[in-house]
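Source file: work.pdb. Holds: PDB, C-alpha atoms, pLDDT in the B column.
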ATOM      1  CA  MET A1062      43.612 -37.282 -24.781  1.00 57.00           C
ATOM      2  CA  LYS A1063      44.895 -33.963 -23.484  1.00 57.00           C
ATOM      3  CA  PRO A1064      43.841 -31.942 -26.563  1.00 63.00           C
ATOM      4  CA  LEU A1065      40.373 -33.485 -26.280  1.00 59.00           C
ATOM      5  CA  ASN A1066      40.154 -32.561 -22.588  1.00 64.00           C
ATOM      6  CA  ASP A1067      41.320 -29.043 -23.361  1.00 60.00           C
ATOM      7  CA  LEU A1068      38.615 -28.784 -26.026  1.00 56.00           C
ATOM      8  CA  ARG A1069      35.969 -29.934 -23.568  1.00 65.00           C
ATOM      9  CA  GLU A1070      37.132 -27.409 -20.975  1.00 67.00           C
ATOM     10  CA  SER A1071      37.050 -24.656 -23.578  1.00 63.00           C
ATOM     11  CA  LEU A1072      33.521 -25.637 -24.630  1.00 60.00           C
ATOM     12  CA  ASN A1073      32.401 -25.633 -20.980  1.00 69.00           C
ATOM     13  CA  GLU A1074      33.912 -22.183 -20.476  1.00 72.00           C
ATOM     14  CA  LEU A1075      32.189 -20.996 -23.646  1.00 69.00           C
ATOM     15  CA  ASP A1076      28.849 -22.305 -22.343  1.00 71.00           C
ATOM     16  CA  GLU A1077      29.386 -20.446 -19.071  1.00 76.00           C
ATOM     17  CA  ILE A1078      30.230 -17.237 -20.927  1.00 74.00           C
ATOM     18  CA  GLU A1079      27.142 -17.577 -23.111  1.00 75.00           C
ATOM     19  CA  SER A1080      25.001 -18.136 -20.008  1.00 75.00           C
ATOM     20  CA  HIS A1081      26.408 -15.007 -18.328  1.00 69.00           C
ATOM     21  CA  VAL A1082      25.906 -12.970 -21.509  1.00 71.00           C
ATOM     22  CA  ALA A1083      22.281 -14.160 -21.738  1.00 74.00           C
ATOM     23  CA  ILE A1084      21.648 -13.133 -18.117  1.00 75.00           C
ATOM     24  CA  MET A1085      23.244  -9.712 -18.695  1.00 74.00           C
ATOM     25  CA  ARG A1086      21.180  -9.274 -21.864  1.00 76.00           C
ATOM     26  CA  ARG A1087      17.944 -10.027 -19.980  1.00 76.00           C
ATOM     27  CA  LYS A1088      18.864  -7.537 -17.255  1.00 68.00           C
ATOM     28  CA  LEU A1089      19.732  -4.905 -19.855  1.00 67.00           C
ATOM     29  CA  ASP A1090      16.431  -5.484 -21.670  1.00 67.00           C
ATOM     30  CA  GLN A1091      14.566  -5.170 -18.368  1.00 64.00           C
ATOM     31  CA  ALA A1092      16.381  -1.929 -17.542  1.00 56.00           C
ATOM     32  CA  ILE A1093      15.617  -0.485 -20.986  1.00 62.00           C
ATOM     33  CA  ASP A1094      11.960  -1.512 -20.649  1.00 63.00           C
ATOM     34  CA  TRP A1095      11.788   0.076 -17.175  1.00 55.00           C
ATOM     35  CA  GLN A1096      13.302   3.289 -18.510  1.00 63.00           C
ATOM     36  CA  ARG A1097      10.830   3.459 -21.394  1.00 64.00           C
ATOM     37  CA  ARG A1098       7.846   2.855 -19.120  1.00 64.00           C
ATOM     38  CA  PHE A1099       9.154   5.436 -16.659  1.00 63.00           C
ATOM     39  CA  GLU A1100       9.481   8.051 -19.388  1.00 63.00           C
ATOM     40  CA  ALA A1101       5.997   7.256 -20.720  1.00 63.00           C
ATOM     41  CA  ASP A1102       4.443   7.438 -17.243  1.00 66.00           C
ATOM     42  CA  ALA A1103       6.183  10.716 -16.412  1.00 67.00           C
ATOM     43  CA  ALA A1104       5.165  12.267 -19.743  1.00 69.00           C
ATOM     44  CA  HIS A1105       1.546  11.217 -19.203  1.00 65.00           C
ATOM     45  CA  GLU A1106       1.409  12.660 -15.682  1.00 70.00           C
ATOM     46  CA  LEU A1107       3.010  15.942 -16.740  1.00 75.00           C
ATOM     47  CA  ARG A1108       0.736  16.302 -19.765  1.00 77.00           C
ATOM     48  CA  THR A1109      -2.477  16.737 -17.739  1.00 77.00           C
ATOM     49  CA  PRO A1110      -1.536  19.832 -15.662  1.00 79.00           C
ATOM     50  CA  ILE A1111       0.248  21.345 -18.674  1.00 82.00           C
ATOM     51  CA  ALA A1112      -2.874  20.936 -20.810  1.00 83.00           C
ATOM     52  CA  GLY A1113      -5.041  22.436 -18.059  1.00 82.00           C
ATOM     53  CA  LEU A1114      -2.713  25.396 -17.706  1.00 83.00           C
ATOM     54  CA  ARG A1115      -2.708  25.992 -21.456  1.00 84.00           C
ATOM     55  CA  VAL A1116      -6.532  25.940 -21.637  1.00 84.00           C
ATOM     56  CA  LYS A1117      -6.811  28.507 -18.850  1.00 84.00           C
ATOM     57  CA  LEU A1118      -4.259  30.850 -20.402  1.00 82.00           C
ATOM     58  CA  GLU A1119      -5.780  30.590 -23.883  1.00 85.00           C
ATOM     59  CA  ALA A1120      -9.268  31.295 -22.496  1.00 83.00           C
ATOM     60  CA  ALA A1121      -7.932  34.379 -20.719  1.00 81.00           C
ATOM     61  CA  ARG A1122      -6.377  35.618 -23.957  1.00 82.00           C
ATOM     62  CA  LEU A1123      -9.455  34.941 -26.124  1.00 84.00           C
ATOM     63  CA  TYR A1124     -12.102  36.184 -23.688  1.00 82.00           C
ATOM     64  CA  PRO A1125     -10.406  38.759 -21.467  1.00 79.00           C
ATOM     65  CA  GLY A1126     -13.661  40.482 -20.540  1.00 79.00           C
ATOM     66  CA  GLU A1127     -15.445  37.297 -19.548  1.00 80.00           C
ATOM     67  CA  ILE A1128     -12.776  35.693 -17.361  1.00 80.00           C
ATOM     68  CA  ASP A1129     -12.480  36.143 -13.606  1.00 83.00           C
ATOM     69  CA  ILE A1130      -8.746  36.827 -13.592  1.00 80.00           C
ATOM     70  CA  GLU A1131      -8.276  36.154  -9.888  1.00 84.00           C
ATOM     71  CA  GLU A1132      -9.979  32.771 -10.122  1.00 85.00           C
ATOM     72  CA  MET A1133      -8.118  31.887 -13.311  1.00 82.00           C
ATOM     73  CA  LEU A1134      -4.763  32.762 -11.721  1.00 82.00           C
ATOM     74  CA  GLU A1135      -5.578  30.720  -8.628  1.00 86.00           C
ATOM     75  CA  ARG A1136      -6.429  27.634 -10.703  1.00 82.00           C
ATOM     76  CA  ALA A1137      -3.367  28.172 -12.903  1.00 83.00           C
ATOM     77  CA  LEU A1138      -1.168  28.336  -9.813  1.00 84.00           C
ATOM     78  CA  GLN A1139      -2.664  25.031  -8.652  1.00 82.00           C
ATOM     79  CA  ASP A1140      -1.619  23.454 -11.957  1.00 82.00           C
ATOM     80  CA  VAL A1141       1.860  24.928 -11.609  1.00 82.00           C
ATOM     81  CA  GLY A1142       2.045  23.594  -8.047  1.00 82.00           C
ATOM     82  CA  ARG A1143       1.155  20.107  -9.237  1.00 78.00           C
ATOM     83  CA  LEU A1144       3.780  20.316 -11.973  1.00 80.00           C
ATOM     84  CA  GLN A1145       6.366  21.483  -9.442  1.00 79.00           C
ATOM     85  CA  GLY A1146       5.482  18.622  -7.100  1.00 78.00           C
ATOM     86  CA  ILE A1147       5.827  15.980  -9.824  1.00 76.00           C
ATOM     87  CA  VAL A1148       9.142  17.407 -11.043  1.00 77.00           C
ATOM     88  CA  ASP A1149      10.534  17.640  -7.491  1.00 78.00           C
ATOM     89  CA  ASP A1150       9.535  14.039  -6.716  1.00 74.00           C
ATOM     90  CA  LEU A1151      10.985  12.764 -10.004  1.00 75.00           C
ATOM     91  CA  HIS A1152      14.207  14.615  -9.193  1.00 72.00           C
ATOM     92  CA  LEU A1153      14.310  13.033  -5.725  1.00 74.00           C
ATOM     93  CA  LEU A1154      13.842   9.545  -7.172  1.00 73.00           C
ATOM     94  CA  ALA A1155      16.621  10.182  -9.693  1.00 71.00           C
ATOM     95  CA  GLN A1156      18.918  11.382  -6.901  1.00 69.00           C
ATOM     96  CA  MET A1157      18.227   8.278  -4.866  1.00 68.00           C
ATOM     97  CA  GLN A1158      19.048   6.026  -7.815  1.00 64.00           C
ATOM     98  CA  ALA A1159      22.447   7.704  -8.107  1.00 55.00           C
ATOM     99  CA  ALA A1160      23.256   8.242  -4.412  1.00 57.00           C
ATOM    100  CA  ASN A1161      24.782   5.882  -1.885  1.00 57.00           C
ATOM    101  CA  LEU A1162      22.929   6.663   1.332  1.00 58.00           C
ATOM    102  CA  ALA A1163      25.079   4.205   3.261  1.00 57.00           C
ATOM    103  CA  THR A1164      27.924   6.755   3.244  1.00 61.00           C
ATOM    104  CA  GLU A1165      25.673   9.462   4.733  1.00 71.00           C
ATOM    105  CA  ARG A1166      24.072   7.558   7.588  1.00 82.00           C
ATOM    106  CA  THR A1167      24.344   8.552  11.231  1.00 90.00           C
ATOM    107  CA  PRO A1168      22.572   7.247  14.349  1.00 93.00           C
ATOM    108  CA  VAL A1169      19.018   8.654  14.356  1.00 93.00           C
ATOM    109  CA  ASP A1170      16.495   8.252  17.167  1.00 94.00           C
ATOM    110  CA  LEU A1171      13.426   7.236  15.166  1.00 95.00           C
ATOM    111  CA  SER A1172      11.186   7.774  18.193  1.00 93.00           C
ATOM    112  CA  GLU A1173      12.331  11.367  18.602  1.00 94.00           C
ATOM    113  CA  LEU A1174      12.085  12.059  14.880  1.00 94.00           C
ATOM    114  CA  VAL A1175       8.468  10.855  14.836  1.00 94.00           C
ATOM    115  CA  ARG A1176       7.584  12.922  17.911  1.00 93.00           C
ATOM    116  CA  GLU A1177       9.085  16.036  16.320  1.00 93.00           C
ATOM    117  CA  GLU A1178       7.259  15.591  12.999  1.00 91.00           C
ATOM    118  CA  VAL A1179       3.902  14.779  14.607  1.00 91.00           C
ATOM    119  CA  SER A1180       4.289  17.786  16.897  1.00 90.00           C
ATOM    120  CA  ARG A1181       4.984  19.974  13.851  1.00 88.00           C
ATOM    121  CA  GLN A1182       1.711  18.746  12.320  1.00 87.00           C
ATOM    122  CA  ALA A1183      -0.234  18.923  15.604  1.00 81.00           C
ATOM    123  CA  GLU A1184      -3.228  20.536  13.890  1.00 82.00           C
ATOM    124  CA  HIS A1185      -4.075  17.215  12.258  1.00 82.00           C
ATOM    125  CA  GLY A1186      -4.601  15.472  15.586  1.00 83.00           C
ATOM    126  CA  PHE A1187      -2.570  12.320  14.973  1.00 90.00           C
ATOM    127  CA  LYS A1188      -2.827   9.702  17.732  1.00 91.00           C
ATOM    128  CA  VAL A1189       0.680   8.631  18.703  1.00 91.00           C
ATOM    129  CA  HIS A1190       2.268   5.819  20.690  1.00 92.00           C
ATOM    130  CA  VAL A1191       6.076   5.787  20.628  1.00 91.00           C
ATOM    131  CA  ASP A1192       8.521   3.491  22.416  1.00 89.00           C
ATOM    132  CA  GLU A1193      11.518   5.286  23.843  1.00 85.00           C
ATOM    133  CA  LYS A1194      14.926   5.515  22.191  1.00 88.00           C
ATOM    134  CA  LEU A1195      14.854   3.345  19.073  1.00 93.00           C
ATOM    135  CA  VAL A1196      18.021   4.257  17.191  1.00 94.00           C
ATOM    136  CA  VAL A1197      18.613   3.382  13.537  1.00 94.00           C
ATOM    137  CA  ASP A1198      21.482   4.165  11.172  1.00 92.00           C
ATOM    138  CA  ALA A1199      19.899   6.545   8.694  1.00 91.00           C
ATOM    139  CA  PHE A1200      20.181   9.654   6.566  1.00 88.00           C
ATOM    140  CA  ALA A1201      17.848  11.793   8.677  1.00 89.00           C
ATOM    141  CA  PRO A1202      16.404  14.072   5.939  1.00 89.00           C
ATOM    142  CA  LYS A1203      15.328  11.073   3.831  1.00 89.00           C
ATOM    143  CA  LEU A1204      13.876   9.290   6.862  1.00 93.00           C
ATOM    144  CA  ARG A1205      11.878  12.409   7.700  1.00 92.00           C
ATOM    145  CA  ARG A1206      10.637  12.523   4.088  1.00 92.00           C
ATOM    146  CA  LEU A1207       9.481   8.898   4.382  1.00 94.00           C
ATOM    147  CA  LEU A1208       7.500   9.786   7.507  1.00 95.00           C
ATOM    148  CA  THR A1209       5.895  12.914   6.039  1.00 92.00           C
ATOM    149  CA  GLU A1210       4.838  10.995   2.927  1.00 91.00           C
ATOM    150  CA  LEU A1211       3.152   8.333   5.063  1.00 95.00           C
ATOM    151  CA  LEU A1212       1.455  10.931   7.269  1.00 94.00           C
ATOM    152  CA  ASP A1213       0.214  12.906   4.259  1.00 92.00           C
ATOM    153  CA  ASN A1214      -1.072   9.752   2.587  1.00 91.00           C
ATOM    154  CA  ALA A1215      -2.905   8.604   5.717  1.00 92.00           C
ATOM    155  CA  ARG A1216      -4.380  12.046   6.361  1.00 92.00           C
ATOM    156  CA  ARG A1217      -5.757  12.275   2.822  1.00 90.00           C
ATOM    157  CA  HIS A1218      -7.538   8.955   3.083  1.00 90.00           C
ATOM    158  CA  ALA A1219      -8.604   8.859   6.727  1.00 92.00           C
ATOM    159  CA  ARG A1220     -12.208   9.449   7.683  1.00 90.00           C
ATOM    160  CA  GLN A1221     -11.300  10.843  11.091  1.00 90.00           C
ATOM    161  CA  THR A1222      -8.283   9.183  12.666  1.00 89.00           C
ATOM    162  CA  VAL A1223      -4.610   8.513  11.917  1.00 93.00           C
ATOM    163  CA  HIS A1224      -2.642   6.353  14.361  1.00 94.00           C
ATOM    164  CA  VAL A1225       1.165   6.552  14.457  1.00 95.00           C
ATOM    165  CA  GLN A1226       3.240   4.003  16.336  1.00 95.00           C
ATOM    166  CA  VAL A1227       6.946   3.311  16.775  1.00 95.00           C
ATOM    167  CA  ARG A1228       7.948   0.087  18.525  1.00 95.00           C
ATOM    168  CA  ARG A1229      10.719  -2.487  18.786  1.00 94.00           C
ATOM    169  CA  ASN A1230      10.243  -5.754  16.903  1.00 91.00           C
ATOM    170  CA  GLY A1231      13.239  -7.983  17.612  1.00 90.00           C
ATOM    171  CA  GLY A1232      16.280  -6.350  16.065  1.00 92.00           C
ATOM    172  CA  GLN A1233      14.183  -3.882  14.106  1.00 94.00           C
ATOM    173  CA  ALA A1234      12.422  -0.596  14.682  1.00 95.00           C
ATOM    174  CA  GLU A1235       8.863  -0.670  13.397  1.00 96.00           C
ATOM    175  CA  LEU A1236       7.060   2.471  12.227  1.00 96.00           C
ATOM    176  CA  ILE A1237       3.324   2.048  11.698  1.00 96.00           C
ATOM    177  CA  VAL A1238       1.014   4.674  10.178  1.00 96.00           C
ATOM    178  CA  ALA A1239      -2.630   3.563  10.085  1.00 94.00           C
ATOM    179  CA  ASP A1240      -5.796   5.320   8.907  1.00 94.00           C
ATOM    180  CA  ASP A1241      -9.503   4.560   9.246  1.00 91.00           C
ATOM    181  CA  GLY A1242     -10.300   5.085   5.566  1.00 91.00           C
ATOM    182  CA  GLU A1243     -11.363   2.675   2.844  1.00 89.00           C
ATOM    183  CA  GLY A1244      -8.278   0.464   3.060  1.00 89.00           C
ATOM    184  CA  ILE A1245      -6.368  -1.173   0.216  1.00 91.00           C
ATOM    185  CA  ALA A1246      -7.333  -4.480  -1.395  1.00 89.00           C
ATOM    186  CA  GLU A1247      -4.790  -7.275  -0.984  1.00 89.00           C
ATOM    187  CA  SER A1248      -4.353  -7.468  -4.760  1.00 88.00           C
ATOM    188  CA  ASP A1249      -3.144  -3.840  -4.780  1.00 89.00           C
ATOM    189  CA  ARG A1250      -0.811  -3.946  -1.801  1.00 88.00           C
ATOM    190  CA  GLU A1251       2.372  -4.467  -3.791  1.00 88.00           C
ATOM    191  CA  ARG A1252       1.668  -2.317  -6.829  1.00 87.00           C
ATOM    192  CA  ILE A1253       0.644   0.624  -4.612  1.00 89.00           C
ATOM    193  CA  PHE A1254       4.391   1.337  -4.317  1.00 88.00           C
ATOM    194  CA  GLU A1255       4.859   1.579  -8.095  1.00 82.00           C
ATOM    195  CA  ARG A1256       5.083   5.071  -9.538  1.00 74.00           C
ATOM    196  CA  PHE A1257       1.819   6.746 -10.637  1.00 71.00           C
ATOM    197  CA  THR A1258      -0.269   3.735  -9.586  1.00 67.00           C
ATOM    198  CA  ARG A1259      -4.016   4.343  -9.939  1.00 58.00           C
ATOM    199  CA  LEU A1260      -6.374   2.596  -7.556  1.00 60.00           C
ATOM    200  CA  ASP A1261     -10.125   2.955  -7.222  1.00 50.00           C
ATOM    201  CA  GLU A1262     -11.660   6.335  -6.456  1.00 47.00           C
ATOM    202  CA  ALA A1263     -11.547   5.724  -2.711  1.00 44.00           C
ATOM    203  CA  ARG A1264      -7.753   6.036  -2.657  1.00 45.00           C
ATOM    204  CA  SER A1265      -7.219   8.001  -5.871  1.00 45.00           C
ATOM    205  CA  ARG A1266      -4.090  10.119  -6.014  1.00 43.00           C
ATOM    206  CA  ASP A1267      -6.288  12.916  -7.385  1.00 43.00           C
ATOM    207  CA  ARG A1268      -7.259  13.624  -3.788  1.00 49.00           C
ATOM    208  CA  GLY A1269      -3.772  15.023  -3.338  1.00 53.00           C
ATOM    209  CA  GLY A1270      -0.138  14.155  -3.895  1.00 61.00           C
ATOM    210  CA  THR A1271       1.800  13.471  -7.060  1.00 66.00           C
ATOM    211  CA  GLY A1272       1.364   9.709  -7.366  1.00 76.00           C
ATOM    212  CA  LEU A1273       5.018   9.231  -6.389  1.00 84.00           C
ATOM    213  CA  GLY A1274       4.844   9.495  -2.599  1.00 86.00           C
ATOM    214  CA  LEU A1275       4.623   5.780  -1.849  1.00 91.00           C
ATOM    215  CA  THR A1276       7.301   5.033  -4.445  1.00 89.00           C
ATOM    216  CA  ILE A1277       9.544   7.432  -2.527  1.00 89.00           C
ATOM    217  CA  VAL A1278       8.644   5.686   0.746  1.00 93.00           C
ATOM    218  CA  HIS A1279       9.565   2.289  -0.725  1.00 92.00           C
ATOM    219  CA  ASN A1280      12.856   3.543  -2.162  1.00 90.00           C
ATOM    220  CA  ILE A1281      13.900   5.236   1.098  1.00 91.00           C
ATOM    221  CA  ALA A1282      13.057   2.154   3.161  1.00 93.00           C
ATOM    222  CA  THR A1283      14.985  -0.095   0.760  1.00 91.00           C
ATOM    223  CA  ALA A1284      17.976   2.267   0.724  1.00 88.00           C
ATOM    224  CA  HIS A1285      18.129   1.903   4.521  1.00 91.00           C
ATOM    225  CA  ASP A1286      18.109  -1.926   4.332  1.00 92.00           C
ATOM    226  CA  GLY A1287      14.493  -1.910   5.448  1.00 94.00           C
ATOM    227  CA  THR A1288      11.075  -2.896   4.146  1.00 95.00           C
ATOM    228  CA  VAL A1289       7.600  -1.424   3.841  1.00 96.00           C
ATOM    229  CA  HIS A1290       4.303  -3.196   3.332  1.00 95.00           C
ATOM    230  CA  VAL A1291       0.560  -2.669   3.785  1.00 95.00           C
ATOM    231  CA  GLU A1292      -1.717  -4.446   6.249  1.00 94.00           C
ATOM    232  CA  ASP A1293      -5.294  -4.048   7.413  1.00 92.00           C
ATOM    233  CA  SER A1294      -5.502  -1.218   9.894  1.00 90.00           C
ATOM    234  CA  PRO A1295      -6.812  -1.985  13.393  1.00 86.00           C
ATOM    235  CA  VAL A1296      -9.032   1.091  12.987  1.00 85.00           C
ATOM    236  CA  GLY A1297     -10.495  -0.100   9.701  1.00 86.00           C
ATOM    237  CA  GLY A1298      -8.396   1.300   6.868  1.00 92.00           C
ATOM    238  CA  ALA A1299      -4.822   0.783   5.650  1.00 93.00           C
ATOM    239  CA  SER A1300      -1.772   0.322   7.852  1.00 95.00           C
ATOM    240  CA  PHE A1301       1.668   1.053   6.386  1.00 96.00           C
ATOM    241  CA  VAL A1302       4.427  -0.792   8.239  1.00 97.00           C
ATOM    242  CA  VAL A1303       8.085   0.226   7.833  1.00 97.00           C
ATOM    243  CA  ARG A1304      10.793  -1.951   9.392  1.00 96.00           C
ATOM    244  CA  LEU A1305      14.358  -0.689   9.761  1.00 96.00           C
ATOM    245  CA  PRO A1306      17.343  -2.430  11.373  1.00 95.00           C
ATOM    246  CA  LEU A1307      18.225  -1.064  14.790  1.00 94.00           C
ATOM    247  CA  ALA A1308      21.696   0.443  15.113  1.00 89.00           C
ATOM    248  CA  ALA A1309      24.282  -1.914  16.561  1.00 79.00           C
TER
END

In C-alpha cells, how does this file's structure come out?
Amino acid sequence: MKPLNDLRESLNELDEIESHVAIMRRKLDQAIDWQRRFEADAAHELRTPIAGLRVKLEAARLYPGEIDIEEMLERALQDVGRLQGIVDDLHLLAQMQAANLATERTPVDLSELVREEVSRQAEHGFKVHVDEKLVVDAFAPKLRRLLTELLDNARRHARQTVHVQVRRNGGQAELIVADDGEGIAESDRERIFERFTRLDEARSRDRGGTGLGLTIVHNIATAHDGTVHVEDSPVGGASFVVRLPLAA
C-alpha cells in the first residue's frame, strides 16, 4: 500500500503545483495587460501636445509673414509645459512603483503640513479647519505632493469655495478636501483614480492638470498604508477623503 500512498501524495503535490502555476500565470497575464494599457494610454496622451506643437512650428515655417511669432511661441510653450507635466508625473509614478517608502518615513505633523501648504497658497482663499498635532509616519515630500494635487484638483473644479479639514478619526488622521463644483457621480468614484480617466466636461482634465494627479494621490495614500475615496461634499461638489494611520 505504501507505493500507492506515495503516488497519491505525489499527485496531490502535483495538483498543488499546477494550481500555484495557474495563479502565477494569471497574475503575469494581468501585469502584462496592465503594462500594455499603460503604454497605450501614455502614448495617446503624449501624442496630442506633440501634434499641436508640430502644427504650430510647421505653420511658422510655411507662413513666416502671416504668423504672430509671440503668440505662436506662447502657445508652443504651453504644449511643451503640458508635455513636461505628463513626463514628470509618469516618472513619479514609475519611481513610486520601484521605491519602498516605508524605509524613508519619519513622524510628520499632518496638521502643520496642511497649514503650511494652505498658507503658501493663501491667494486661493481656502477655508481651513485643522485639529492640532495629528502625527503620521510618512515621507513628507510625497505627502505634500498628495495635498497639492488635491488642492489643485479642487481649485480647478470649485465654483467659489474649497474647504480643507484635518481631523482625528479613531486611530487615523483624516484629510478632507471638498469643493462646491459639479461633483462626481457614484459610478465614477473608483475609476477617477485610474490614470488618464476622462469624465464628463464638468470635471474634464482639460481644465488643467495632466490626468495623472488623482492616480498619484491614490498611490501615495496606498504607499502610506492609507486610503482615499470620494464622497458628496457638504458644500455641494466632491469631497476627497484621505485616511492615514496615526503614528504610534

Hits from the PyMOL selection byres ((chain A and resi 1168) around 7), listed as a PyMOL selection string: chain A and resi 1166-1167+1169-1170+1196-1199+1308

Output of the PyMOL selection byres ((chain A and resi 1233-1247) around 8), listed as a ChimeraX atom specification: /A:1171,1195-1197,1211-1212,1215-1216,1218-1232,1248-1250,1263-1264,1291,1293-1307

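The coordinates place atom CA of A:Glu1135 at 22.2 Å from atom CA of A:Gly1272.
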
Picked residues, the PyMOL selection byres ((chain A and resi 1111) around 10), expected as an NGL selection string: :A and (1106-1110 or 1112-1116 or 1137 or 1140-1141 or 1143-1144)

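Atom to atom, atom CA of A:Val1189 and atom CA of A:Glu1251 stand 26.1 Å apart.
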
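Our summary of the geometry notes that atom CA of A:His1152 is positioned 25.4 Å from atom CA of A:Arg1181.
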
From A:Arg1136, A:His1279, A:His1285, A:His1185, residue lying nearest A:Phe1200 [only C-alpha atoms]: A:His1285
